[in-house]
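For reference, upload_31.pdb is printed below; it contains PDB, C-alpha atoms.
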ATOM      1  CA  MET A  14     -27.082   7.264   9.006
ATOM      2  CA  PHE A  15     -26.235   8.472   5.526
ATOM      3  CA  ASN A  16     -28.171  10.878   3.338
ATOM      4  CA  ILE A  17     -29.067  11.082  -0.330
ATOM      5  CA  GLY A  18     -26.050  12.403  -2.239
ATOM      6  CA  ASP A  19     -23.465  11.003   0.215
ATOM      7  CA  LYS A  20     -20.456   9.305  -1.347
ATOM      8  CA  VAL A  21     -19.864   6.021   0.446
ATOM      9  CA  VAL A  22     -17.838   2.824   0.160
ATOM     10  CA  TYR A  23     -19.405  -0.621   0.370
ATOM     11  CA  PRO A  24     -16.630  -3.135   1.183
ATOM     12  CA  MET A  25     -16.104  -5.776  -1.535
ATOM     13  CA  HIS A  26     -18.161  -3.683  -4.001
ATOM     14  CA  GLY A  27     -16.539  -0.264  -4.125
ATOM     15  CA  ALA A  28     -17.653   3.332  -3.869
ATOM     16  CA  GLY A  29     -20.871   4.931  -4.975
ATOM     17  CA  ILE A  30     -23.381   7.652  -4.301
ATOM     18  CA  ILE A  31     -26.545   7.173  -2.261
ATOM     19  CA  GLU A  32     -29.262   7.953  -4.758
ATOM     20  CA  ALA A  33     -32.302   7.199  -2.617
ATOM     21  CA  ILE A  34     -33.490   5.763   0.674
ATOM     22  CA  GLU A  35     -36.414   3.438   0.062
ATOM     23  CA  GLU A  36     -38.639   1.245   2.183
ATOM     24  CA  LYS A  37     -39.223  -2.203   0.694
ATOM     25  CA  GLU A  38     -40.992  -5.316   1.809
ATOM     26  CA  ILE A  39     -38.867  -8.373   1.210
ATOM     27  CA  LEU A  40     -39.932 -11.813   2.478
ATOM     28  CA  GLY A  41     -42.695 -10.259   4.574
ATOM     29  CA  SER A  42     -40.393  -7.826   6.358
ATOM     30  CA  ARG A  43     -40.404  -4.054   5.742
ATOM     31  CA  LYS A  44     -36.975  -2.425   5.867
ATOM     32  CA  LYS A  45     -35.311   0.771   4.774
ATOM     33  CA  TYR A  46     -32.576   0.494   2.148
ATOM     34  CA  TYR A  47     -29.920   2.802   0.785
ATOM     35  CA  VAL A  48     -30.004   2.701  -3.007
ATOM     36  CA  MET A  49     -26.393   3.231  -4.058
ATOM     37  CA  LYS A  50     -25.372   3.972  -7.631
ATOM     38  CA  MET A  51     -21.918   2.665  -8.501
ATOM     39  CA  PRO A  52     -20.081   4.933 -10.981
ATOM     40  CA  VAL A  53     -18.015   2.017 -12.260
ATOM     41  CA  GLY A  54     -20.252  -0.367 -14.168
ATOM     42  CA  GLU A  55     -23.433   1.732 -13.718
ATOM     43  CA  MET A  56     -24.701  -0.790 -11.185
ATOM     44  CA  LYS A  57     -27.208  -0.098  -8.390
ATOM     45  CA  VAL A  58     -26.925  -1.780  -4.997
ATOM     46  CA  MET A  59     -29.505  -1.878  -2.197
ATOM     47  CA  ILE A  60     -28.096  -1.945   1.329
ATOM     48  CA  PRO A  61     -30.286  -2.357   4.432
ATOM     49  CA  THR A  62     -29.832   0.832   6.490
ATOM     50  CA  GLU A  63     -29.893  -1.107   9.768
ATOM     51  CA  ASN A  64     -26.872  -3.208   8.699
ATOM     52  CA  SER A  65     -24.799  -0.397   7.235
ATOM     53  CA  CYS A  66     -22.428  -0.030  10.218
ATOM     54  CA  ARG A  67     -22.011  -3.766  10.709
ATOM     55  CA  ILE A  68     -21.065  -4.355   7.081
ATOM     56  CA  GLY A  69     -18.616  -1.454   7.121
ATOM     57  CA  ILE A  70     -20.280   1.183   4.951
ATOM     58  CA  ARG A  71     -18.207   4.354   5.310
ATOM     59  CA  GLU A  72     -17.788   7.759   3.682
ATOM     60  CA  VAL A  73     -15.198   8.048   0.914
ATOM     61  CA  VAL A  74     -11.781   9.290   1.955
ATOM     62  CA  ASP A  75     -10.542  12.843   1.423
ATOM     63  CA  ALA A  76      -7.925  14.131  -1.040
ATOM     64  CA  LYS A  77      -5.171  13.830   1.597
ATOM     65  CA  ALA A  78      -5.861  10.093   1.899
ATOM     66  CA  VAL A  79      -5.572   9.760  -1.888
ATOM     67  CA  GLU A  80      -1.966  10.983  -1.637
ATOM     68  CA  LYS A  81      -1.250   8.263   0.926
ATOM     69  CA  VAL A  82      -2.890   5.661  -1.348
ATOM     70  CA  LEU A  83      -0.631   6.731  -4.223
ATOM     71  CA  GLN A  84       2.409   6.450  -1.911
ATOM     72  CA  ILE A  85       1.342   2.933  -0.892
ATOM     73  CA  LEU A  86       0.934   1.936  -4.533
ATOM     74  CA  GLN A  87       4.444   3.189  -5.293
ATOM     75  CA  GLY A  88       5.971   1.722  -2.109
ATOM     76  CA  GLU A  89       7.763  -1.530  -1.528
ATOM     77  CA  GLN A  90       5.888  -4.819  -1.604
ATOM     78  CA  GLY A  91       4.676  -5.890   1.795
ATOM     79  CA  GLU A  92       5.459  -9.203   3.439
ATOM     80  CA  MET A  93       3.526 -11.980   1.701
ATOM     81  CA  SER A  94       3.298 -15.666   2.422
ATOM     82  CA  SER A  95       4.738 -17.966  -0.223
ATOM     83  CA  ASN A  96       1.767 -20.255   0.461
ATOM     84  CA  TRP A  97      -0.916 -19.389  -2.118
ATOM     85  CA  ASN A  98      -3.831 -20.156   0.210
ATOM     86  CA  ARG A  99      -2.507 -18.041   3.108
ATOM     87  CA  ARG A 100      -1.650 -15.175   0.760
ATOM     88  CA  TYR A 101      -5.112 -15.303  -0.825
ATOM     89  CA  ARG A 102      -6.885 -15.325   2.570
ATOM     90  CA  SER A 103      -4.739 -12.446   3.842
ATOM     91  CA  HIS A 104      -5.519 -10.353   0.764
ATOM     92  CA  LEU A 105      -9.217 -11.222   0.951
ATOM     93  CA  GLU A 106      -9.369 -10.035   4.586
ATOM     94  CA  LYS A 107      -7.765  -6.739   3.575
ATOM     95  CA  ILE A 108     -10.305  -6.222   0.786
ATOM     96  CA  LYS A 109     -13.210  -7.150   3.093
ATOM     97  CA  SER A 110     -12.014  -4.569   5.642
ATOM     98  CA  GLY A 111     -13.111  -1.779   3.310
ATOM     99  CA  ASN A 112      -9.965   0.147   4.309
ATOM    100  CA  ILE A 113      -8.650   1.938   1.220
ATOM    101  CA  TYR A 114      -5.034   1.640   2.393
ATOM    102  CA  GLN A 115      -5.326  -2.129   2.785
ATOM    103  CA  VAL A 116      -6.985  -2.442  -0.636
ATOM    104  CA  ALA A 117      -4.121  -0.379  -2.102
ATOM    105  CA  GLU A 118      -1.629  -2.787  -0.481
ATOM    106  CA  VAL A 119      -3.380  -5.758  -2.094
ATOM    107  CA  VAL A 120      -3.303  -4.077  -5.517
ATOM    108  CA  ARG A 121       0.390  -3.179  -5.129
ATOM    109  CA  ASN A 122       1.393  -6.621  -3.849
ATOM    110  CA  LEU A 123      -0.480  -8.548  -6.531
ATOM    111  CA  ILE A 124       0.820  -6.356  -9.354
ATOM    112  CA  ARG A 125       4.394  -6.808  -8.129
ATOM    113  CA  ARG A 126       3.890 -10.567  -7.722
ATOM    114  CA  ASP A 127       2.412 -10.766 -11.215
ATOM    115  CA  ARG A 128       5.529  -9.090 -12.634
ATOM    116  CA  GLU A 129       7.878 -11.392 -10.748
ATOM    117  CA  LYS A 130       6.161 -14.783 -10.792
ATOM    118  CA  GLY A 131       2.771 -14.428 -12.435
ATOM    119  CA  LEU A 132      -0.617 -14.850 -10.759
ATOM    120  CA  SER A 133      -2.999 -17.747 -10.518
ATOM    121  CA  THR A 134      -6.464 -17.289 -12.003
ATOM    122  CA  GLY A 135      -7.895 -16.662  -8.508
ATOM    123  CA  GLU A 136      -5.312 -14.007  -7.683
ATOM    124  CA  ARG A 137      -5.737 -12.361 -11.096
ATOM    125  CA  LYS A 138      -9.494 -12.116 -10.451
ATOM    126  CA  MET A 139      -8.798 -10.739  -6.971
ATOM    127  CA  LEU A 140      -6.449  -8.119  -8.450
ATOM    128  CA  GLU A 141      -9.081  -6.962 -10.943
ATOM    129  CA  ASN A 142     -11.698  -6.745  -8.179
ATOM    130  CA  ALA A 143      -9.358  -4.832  -5.828
ATOM    131  CA  LYS A 144      -8.399  -2.445  -8.653
ATOM    132  CA  GLN A 145     -12.055  -1.758  -9.416
ATOM    133  CA  ILE A 146     -12.820  -1.085  -5.735
ATOM    134  CA  LEU A 147      -9.826   1.270  -5.504
ATOM    135  CA  VAL A 148     -10.589   3.075  -8.781
ATOM    136  CA  SER A 149     -14.262   3.563  -7.833
ATOM    137  CA  GLU A 150     -13.300   5.395  -4.639
ATOM    138  CA  LEU A 151     -10.474   7.428  -6.167
ATOM    139  CA  PHE A 152     -12.841   8.379  -8.987
ATOM    140  CA  LEU A 153     -15.422   9.772  -6.541
ATOM    141  CA  VAL A 154     -12.805  11.604  -4.455
ATOM    142  CA  GLN A 155     -10.870  13.161  -7.308
ATOM    143  CA  GLY A 156     -13.725  13.680  -9.728
ATOM    144  CA  VAL A 157     -11.497  12.877 -12.707
ATOM    145  CA  ASP A 158     -12.641  10.671 -15.513
ATOM    146  CA  ARG A 159     -12.016   6.964 -15.133
ATOM    147  CA  ALA A 160      -9.724   6.633 -18.179
ATOM    148  CA  ARG A 161      -7.418   9.371 -16.863
ATOM    149  CA  LEU A 162      -7.353   7.816 -13.411
ATOM    150  CA  GLU A 163      -6.568   4.361 -14.817
ATOM    151  CA  LYS A 164      -3.802   5.872 -16.968
ATOM    152  CA  GLU A 165      -2.277   7.465 -13.828
ATOM    153  CA  LEU A 166      -2.453   4.135 -11.988
ATOM    154  CA  GLU A 167      -0.900   2.283 -14.949
ATOM    155  CA  ARG A 168       1.952   4.813 -14.912
ATOM    156  CA  ILE A 169       2.526   4.051 -11.228
ATOM    157  CA  PHE A 170       2.287   0.292 -11.747
ATOM    158  CA  SER A 171       4.645   0.304 -14.700
ATOM    159  CA  GLY A 172       7.331   1.750 -12.438
ATOM    160  CA  ASN A 173       7.455   5.067 -14.347
ATOM    161  CA  HIS A 174       7.045   7.558 -11.464
ATOM    162  CA  SER A 175       8.092  10.682 -13.332
TER
END
Take the structure in the file and give it back as structure tokens.
Amino acid sequence: MFNIGDKVVYPMHGAGIIEAIEEKEILGSRKKYYVMKMPVGEMKVMIPTENSCRIGIREVVDAKAVEKVLQILQGEQGEMSSNWNRRYRSHLEKIKSGNIYQVAEVVRNLIRRDREKGLSTGERKMLENAKQILVSELFLVQGVDRARLEKELERIFSGNHS
């Protein structure tokens, strides 16, 4: 059970802050919902409290994990299938996991692939989604402004690690 003010990650959507816990009646059924405010895009999401564990809602990572994420982003490209469909499914599973390290791997792999061979429209969309999920969590952990964080990530992705 999470509380108001907790910083959490909602797989496939990104990180946000629980702003409220409300009871709503939807389709004749009363349920409690977390109302999560997403810092990226100023969106609000309602998540049934009873499903939160099953759908993988978790607390944001700590600063130590951010260092590991940055290492993953700067690391070597992981093994990827040359088959577009298999590669896409593998990356989608990693994003759905809600694991920040796996999302970082997807971002790294797709950026590297884009540089080498280009991306299909589907993979380009997936890259943008994975980046947004990653940035939303890093933003909440580090507390830096989004533009500065994106500039840091661009520096890493451009291969300029100095």
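If you look at CA of Lys50 (chain A) and CA of Leu147 (chain A), they are 15.9 Å away from each other.
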Coordinates-based distance that separates CA of Ile124 (chain A) from CA of Arg137 (chain A) (Å, one decimal):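 Distance between the two atoms: 9.1 Å.
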Shell around region 39-45 of chain A at 9 Å using only C-alpha atoms, local window under 6 positions removed, as a PyMOL selection string: chain A and resi 60-63
For CA of Gly91 (chain A) and CA of Asn122 (chain A), the interatomic separation in Å (one decimal): 6.6 Å
Nearby residues, (3.1, 9.7, -6.9) file frame, 8 Å, all atoms listed in the file, as JSON, numbers by chain: {"A": [80, 83, 84, 87, 169, 174]}
The PyMOL selection byres ((chain A and resi 146) around 8) applied to the shown file, residues as a list in words: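 For this structure, the PyMOL selection byres ((chain A and resi 146) around 8) captures Met25, His26, Gly27, Ala28, Val116, Asn142, Ala143, Lys144, Gln145, Leu147, Val148, Ser149 and Glu150 of chain A.
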Residue among A:Ile30, A:Met51, A:Leu140, A:Val79 lying closest to Arg126 (chain A), counting all atoms listed in the file: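 Closest residue, counting all atoms listed in the file: A:Leu140.
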Nearest to Met49 (chain A), chosen from A:Gly131, A:Gly111, A:Pro24, A:Gly18, with only C-alpha atoms counted in the distances: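 Closest to Met49 (chain A) of all the choices is A:Gly18.
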Who sits within 12 Å of Arg125 (chain A), only C-alpha atoms, same chain under 2 positions skipped, as a ChimeraX atom specification: /A:86-93,118-123,127-132,137,140,169-172
The selected residues should be written to file as an mmCIF file, in the coordinates of the input (atoms: C-alpha atoms).
data_model
loop_
_atom_site.group_PDB
_atom_site.id
_atom_site.type_symbol
_atom_site.label_atom_id
_atom_site.label_comp_id
_atom_site.auth_asym_id
_atom_site.auth_seq_id
_atom_site.Cartn_x
_atom_site.Cartn_y
_atom_site.Cartn_z
ATOM 1 C CA LEU A 86 0.934 1.936 -4.533
ATOM 2 C CA GLN A 87 4.444 3.189 -5.293
ATOM 3 C CA GLY A 88 5.971 1.722 -2.109
ATOM 4 C CA GLU A 89 7.763 -1.530 -1.528
ATOM 5 C CA GLN A 90 5.888 -4.819 -1.604
ATOM 6 C CA GLY A 91 4.676 -5.890 1.795
ATOM 7 C CA GLU A 92 5.459 -9.203 3.439
ATOM 8 C CA MET A 93 3.526 -11.980 1.701
ATOM 9 C CA GLU A 118 -1.629 -2.787 -0.481
ATOM 10 C CA VAL A 119 -3.380 -5.758 -2.094
ATOM 11 C CA VAL A 120 -3.303 -4.077 -5.517
ATOM 12 C CA ARG A 121 0.390 -3.179 -5.129
ATOM 13 C CA ASN A 122 1.393 -6.621 -3.849
ATOM 14 C CA LEU A 123 -0.480 -8.548 -6.531
ATOM 15 C CA ASP A 127 2.412 -10.766 -11.215
ATOM 16 C CA ARG A 128 5.529 -9.090 -12.634
ATOM 17 C CA GLU A 129 7.878 -11.392 -10.748
ATOM 18 C CA LYS A 130 6.161 -14.783 -10.792
ATOM 19 C CA GLY A 131 2.771 -14.428 -12.435
ATOM 20 C CA LEU A 132 -0.617 -14.850 -10.759
ATOM 21 C CA ARG A 137 -5.737 -12.361 -11.096
ATOM 22 C CA LEU A 140 -6.449 -8.119 -8.450
ATOM 23 C CA ILE A 169 2.526 4.051 -11.228
ATOM 24 C CA PHE A 170 2.287 0.292 -11.747
ATOM 25 C CA SER A 171 4.645 0.304 -14.700
ATOM 26 C CA GLY A 172 7.331 1.750 -12.438
#
Expansion of the PyMOL selection byres ((chain A and resi 101) around 12) into residues, as a list in words: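 Applied to this file, the PyMOL selection byres ((chain A and resi 101) around 12) returns Met93, Ser94, Ser95, Asn96, Trp97, Asn98, Arg99, Arg100, Arg102, Ser103, His104, Leu105, Glu106, Lys107, Ile108, Val119, Asn122, Leu123, Leu132, Ser133, Thr134, Gly135, Glu136, Arg137, Lys138, Met139 and Leu140 of chain A.
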7 Å contact set for Ala33 (chain A), only C-alpha atoms, chain neighbours under 4 positions out, as a list in words: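 Non-adjacent residues within range: Ile17, Tyr47 and Val48 of chain A.
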Picked residues, the PyMOL selection byres ((chain A and resi 20) around 6), as a ChimeraX atom specification: /A:19,21,29-30,72-73
A:Val74, A:Gly156, A:Met14, A:Lys57 ranked by distance to Glu32 (chain A), top pick (using only C-alpha atoms):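 Among the listed residues, A:Lys57 lies closest to Glu32 (chain A).
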A:Phe15, A:Tyr46, A:Tyr114, A:Phe152 ranked by distance to Ile70 (chain A), top pick (using only C-alpha atoms): A:Phe15
Output, as JSON, the centre and edge lengths in Å (one decimal) of the axis-aligned box that contains all listed atoms of region 66-69 of chain A with 6 Å of margin on each side.
{"center_x": -20.5, "center_y": -2.2, "center_z": 8.9, "size_x": 15.8, "size_y": 16.3, "size_z": 15.6}
